[in-house]
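S.K.: Sending over a structure as structure tokens; questions will come in a sec.
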Amino acid sequence: MAPAPPPAASFSPSEVQRRLAAGACWVRRGARLYDLSSFVRHHPGGEQLLRARAGQDISADLDGPPHRHSANARRWLEQYYVGELRGEQQGSMENEAVALEETQKTDPAMEPWFKVVDWDKDLVDWQKPLLWQVGHLGEKYDEWVHQPVTRPIRLFHSDLIEGLSKTVWYSVPIIWVPLVLYLSWSYYRTFAQGNVRLFTSFTTEYALAVPKSMFPGLFMLGIFLWSLIEYLIHRFLFHMKPPSDSYYLIMLHFVMHGQHHKAPFDGSRLVFPPVPASLVIGVFYLCLQLILPEAVGGTVFAGGLLGYVLYDMTHYYLHFGSPHRGSYLYNLKAHHVKHHFAHQKSGFGISTKLWDYCFHTLIPEKPHLKTQ
């Protein structure tokens with residue numbers, strides 16, 4: 001019969017806090033404690049992120065909304081297990097909190113890291129969906145939403161709706177590029193028949209025939225128009241400042257774009273999910289069909305749809321790509337990083353800075369000191 005495993009070591013919250021104050025990097029998952037100090041020392045690239053999570057409960061990261069690395073991350077974490085948190089293990093967290101509060105009176109730098117909600121700092125409960133909480137932030141919302149975090153966030157209570165609000169980056173080209181190709185082929189064939197005319201809804205006498213040679217120009221016009229729409233949506237819709245007394249407008253802003261500024265490195269929300277995107281794309285298609293002849297509007301739409309795909313792919317790359325210094329994408333990445341972390345009221349172009357030049361919203365360059 002195999003011998004029983006030795007009992008796990010136990011630590012009080014005050015004991016853990018003293019180790020954190022001494023420079024250790026401990027995290028917890030529920031009542032289980034893990035010492036990541038050696039990992040931090042040997043992996044300097046992850047030091048900043050791990051230090052930011054030192055002392056925190058990472059259960060939400062590992063056990064929350066699933067992602068493909070959750071199981072591997074939990075197995076990897078177990079090698080750093082050191083013991084149990086005594087306060088949670090024995091159900092005496094209240095007594096430990098009182099003891100730690102007494103310690104804090106003599107050492108103000110020590111904080112009760114084990115608290116589930118730090119309302120003064122976070123303003124929200126990170127263990128619960130955020131969408132229903134942000135509306136209550138009121139006048140604090142605008143400042144809060146522009147203070148980025150590195151943790152994943154959850155928006156909805158429903159797993160189904162939450163899943164529909166997230167997607168992988170490659171879903172965009174997989175879904176929309178075939179539609180671009182089909183529409184382009186279909187409408188080019190319509191142009192080739194020679195029956196496409198402009199202004200037929202107003203007059204038949206002066207209607208203009210549109211030859212198939214116009215197809216490339218109309219397609220490129222769609223791409224160009226998308227770049228303008230991209231700018232206008234980003235500037236006036238995504239970066240509207242909702243009234244502080246409007247619970248629902250704050251929620252609307254957060255679900256549209258605020259959540260991206262709050263968690264800019266959440267890779268599952270860097271491109272538009274297919275379901276909500278299809279609704280918006282459908283509206284654009286219907287509008288063009290009402291304004292222009294079917295083949296003309298459809299061709300412009302196909303070009304605009306390709307522009308949207310390029311925009312979403314560019315946006316994802318600007319967050320996670322590593323372009324060569326001095327390249328066009330390197331300059332775009334620098335431009336977008338400044339927009340996120342320093343100049344939220346300018347730099348609205350993603351795939352191009354053209355409209356920032358035109359509308360004078362370009363992010364100002366830092367002045368260089370002249371050498372004597």
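Here's how to read the names in the structure tokens: chain A, B, ... by the order shown, residue numbers from 1 in each chain, ligand numbers from 1 in the order shown.
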Write out as an MDAnalysis selection string the residues lying within 7 Å of segment 329-340 of chain A, counting only C-alpha atoms and excluding same-chain residues fewer than 5 positions away.

M.R.: chainID A and resid 261 318 323:324 346:347 350

S.K.: I'd like the neighbourhood of segment 137-139 of chain A as a PDB file with N, CA, C and O atoms, in the first residue's frame, where a residue qualifies if any of its atoms comes within 9 Å (using only C-alpha atoms), though same-chain residues fewer than 5 positions away should be ignored.

M.R.:
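What landed in part15.pdb:
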ATOM      1  N   LEU A 123     -13.079  49.281  -9.005  1.00  0.00           N
ATOM      2  CA  LEU A 123     -14.419  49.829  -9.239  1.00  0.00           C
ATOM      3  C   LEU A 123     -15.414  48.778  -9.717  1.00  0.00           C
ATOM      4  O   LEU A 123     -16.609  49.053  -9.775  1.00  0.00           O
ATOM      5  N   VAL A 124     -14.947  47.592 -10.081  1.00  0.00           N
ATOM      6  CA  VAL A 124     -15.828  46.504 -10.540  1.00  0.00           C
ATOM      7  C   VAL A 124     -15.380  45.203  -9.887  1.00  0.00           C
ATOM      8  O   VAL A 124     -14.276  45.100  -9.365  1.00  0.00           O
ATOM      9  N   TRP A 144     -11.804  55.230 -16.093  1.00  0.00           N
ATOM     10  CA  TRP A 144     -11.596  53.809 -15.809  1.00  0.00           C
ATOM     11  C   TRP A 144     -11.362  53.012 -17.079  1.00  0.00           C
ATOM     12  O   TRP A 144     -10.475  52.160 -17.133  1.00  0.00           O
ATOM     13  N   PRO A 243     -22.879  59.989 -21.833  1.00  0.00           N
ATOM     14  CA  PRO A 243     -23.247  60.809 -20.668  1.00  0.00           C
ATOM     15  C   PRO A 243     -23.075  60.015 -19.379  1.00  0.00           C
ATOM     16  O   PRO A 243     -23.426  58.834 -19.316  1.00  0.00           O
ATOM     17  N   SER A 244     -22.542  60.647 -18.370  1.00  0.00           N
ATOM     18  CA  SER A 244     -22.248  59.949 -17.116  1.00  0.00           C
ATOM     19  C   SER A 244     -23.506  59.459 -16.407  1.00  0.00           C
ATOM     20  O   SER A 244     -23.432  58.563 -15.565  1.00  0.00           O
ATOM     21  N   ASP A 245     -24.661  60.045 -16.746  1.00  0.00           N
ATOM     22  CA  ASP A 245     -25.903  59.637 -16.088  1.00  0.00           C
ATOM     23  C   ASP A 245     -26.707  58.647 -16.924  1.00  0.00           C
ATOM     24  O   ASP A 245     -27.852  58.329 -16.585  1.00  0.00           O
ATOM     25  N   SER A 246     -26.132  58.156 -18.029  1.00  0.00           N
ATOM     26  CA  SER A 246     -26.842  57.227 -18.900  1.00  0.00           C
ATOM     27  C   SER A 246     -26.272  55.821 -18.742  1.00  0.00           C
ATOM     28  O   SER A 246     -25.230  55.489 -19.314  1.00  0.00           O
ATOM     29  N   TYR A 247     -26.944  54.998 -17.962  1.00  0.00           N
ATOM     30  CA  TYR A 247     -26.508  53.626 -17.707  1.00  0.00           C
ATOM     31  C   TYR A 247     -26.379  52.828 -19.008  1.00  0.00           C
ATOM     32  O   TYR A 247     -25.372  52.149 -19.245  1.00  0.00           O
ATOM     33  N   ILE A 250     -23.540  53.991 -21.555  1.00  0.00           N
ATOM     34  CA  ILE A 250     -22.229  53.532 -21.076  1.00  0.00           C
ATOM     35  C   ILE A 250     -22.054  52.052 -21.408  1.00  0.00           C
ATOM     36  O   ILE A 250     -20.993  51.621 -21.889  1.00  0.00           O
TER      37      ILE A 250
END

S.K.: Report as a ChimeraX atom specification all protein, DNA and RNA residues lying within 9 Å of segment 162-176 of chain A, evaluated on only C-alpha atoms, omitting residues in the same chain fewer than 6 positions from it.

M.R.: /A:65,154-156,267-276,305-306,309-310,312-313,316

S.K.: Using only C-alpha atoms, determine which residues lie at most 9 Å from Leu228 of chain A, disregarding the query and same-chain residues fewer than 3 positions distant; provide the list as a list in words.

M.R.: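 The contact residues come out as Phe224, Leu225, Tyr231, Leu232, Ile233, Gly349, Leu354 and Trp355 of chain A.
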
S.K.: Got a sec: who's within 12 Å of Pro211 of chain A, counting only C-alpha atoms, leaving out chain neighbours fewer than 3 positions off, as a list in words?

M.R.: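 The residues satisfying every condition are Tyr187, Tyr188, Arg189, Thr190, Phe191, Ala192, Gln193, Gly194, Asn195, Val196, Arg197, Leu198, Leu208, Met214, Phe215, Pro216, Gly217, Leu218, Ala295 and Val296 of chain A.
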
S.K.: Pick the closest to Ile153 of chain A from A:Gln79, A:Thr352, A:Gln127, A:Thr314: which is it, counting only C-alpha atoms?

M.R.: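 Using only C-alpha atoms, the shortest distance to Ile153 of chain A belongs to A:Gln127.
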
S.K.: From a DSSP pass on the backbone, collect the residues of segment 187-344 of chain A flagged as strand (DSSP E) and hand them back as a list of chain:residue names.

M.R.: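 Checking each residue of segment 187-344 of chain A, the strand (DSSP E) ones are A:Arg197, A:Leu198, A:Leu208, A:Ala209.
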
S.K.: Measuring between only C-alpha atoms, which one of A:Val210, A:Leu85, A:Ala263, A:Leu292 shows the shortest distance to His146 of chain A?

M.R.: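 Checking each candidate against His146 of chain A, we get A:Ala263 as the closest.
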
S.K.: Return the single residue from A:Val280, A:His260, A:Leu237, A:Pro293 that is closest to Pro148 of chain A, with distances computed using only C-alpha atoms.

M.R.: A:His260

S.K.: Between A:Asp142, A:Cys358, A:Gln289, A:Ile161, which one has atoms that come closest to Lys241 of chain A, using only C-alpha atoms?

M.R.: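 Under the stated criterion, the closest residue is A:Asp142.
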
S.K.: Tell me, in Å to one decimal, how far atom CA of Tyr34 of chain A is from atom CA of Val82 of chain A.

M.R.: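 Atom CA of Val82 of chain A lies 5.5 Å from atom CA of Tyr34 of chain A.
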
S.K.: Kindly give the distance, in Å, that separates atom CA of Arg28 of chain A and atom CA of Asp57 of chain A, rounded to a single decimal.

M.R.: 4.8 Å
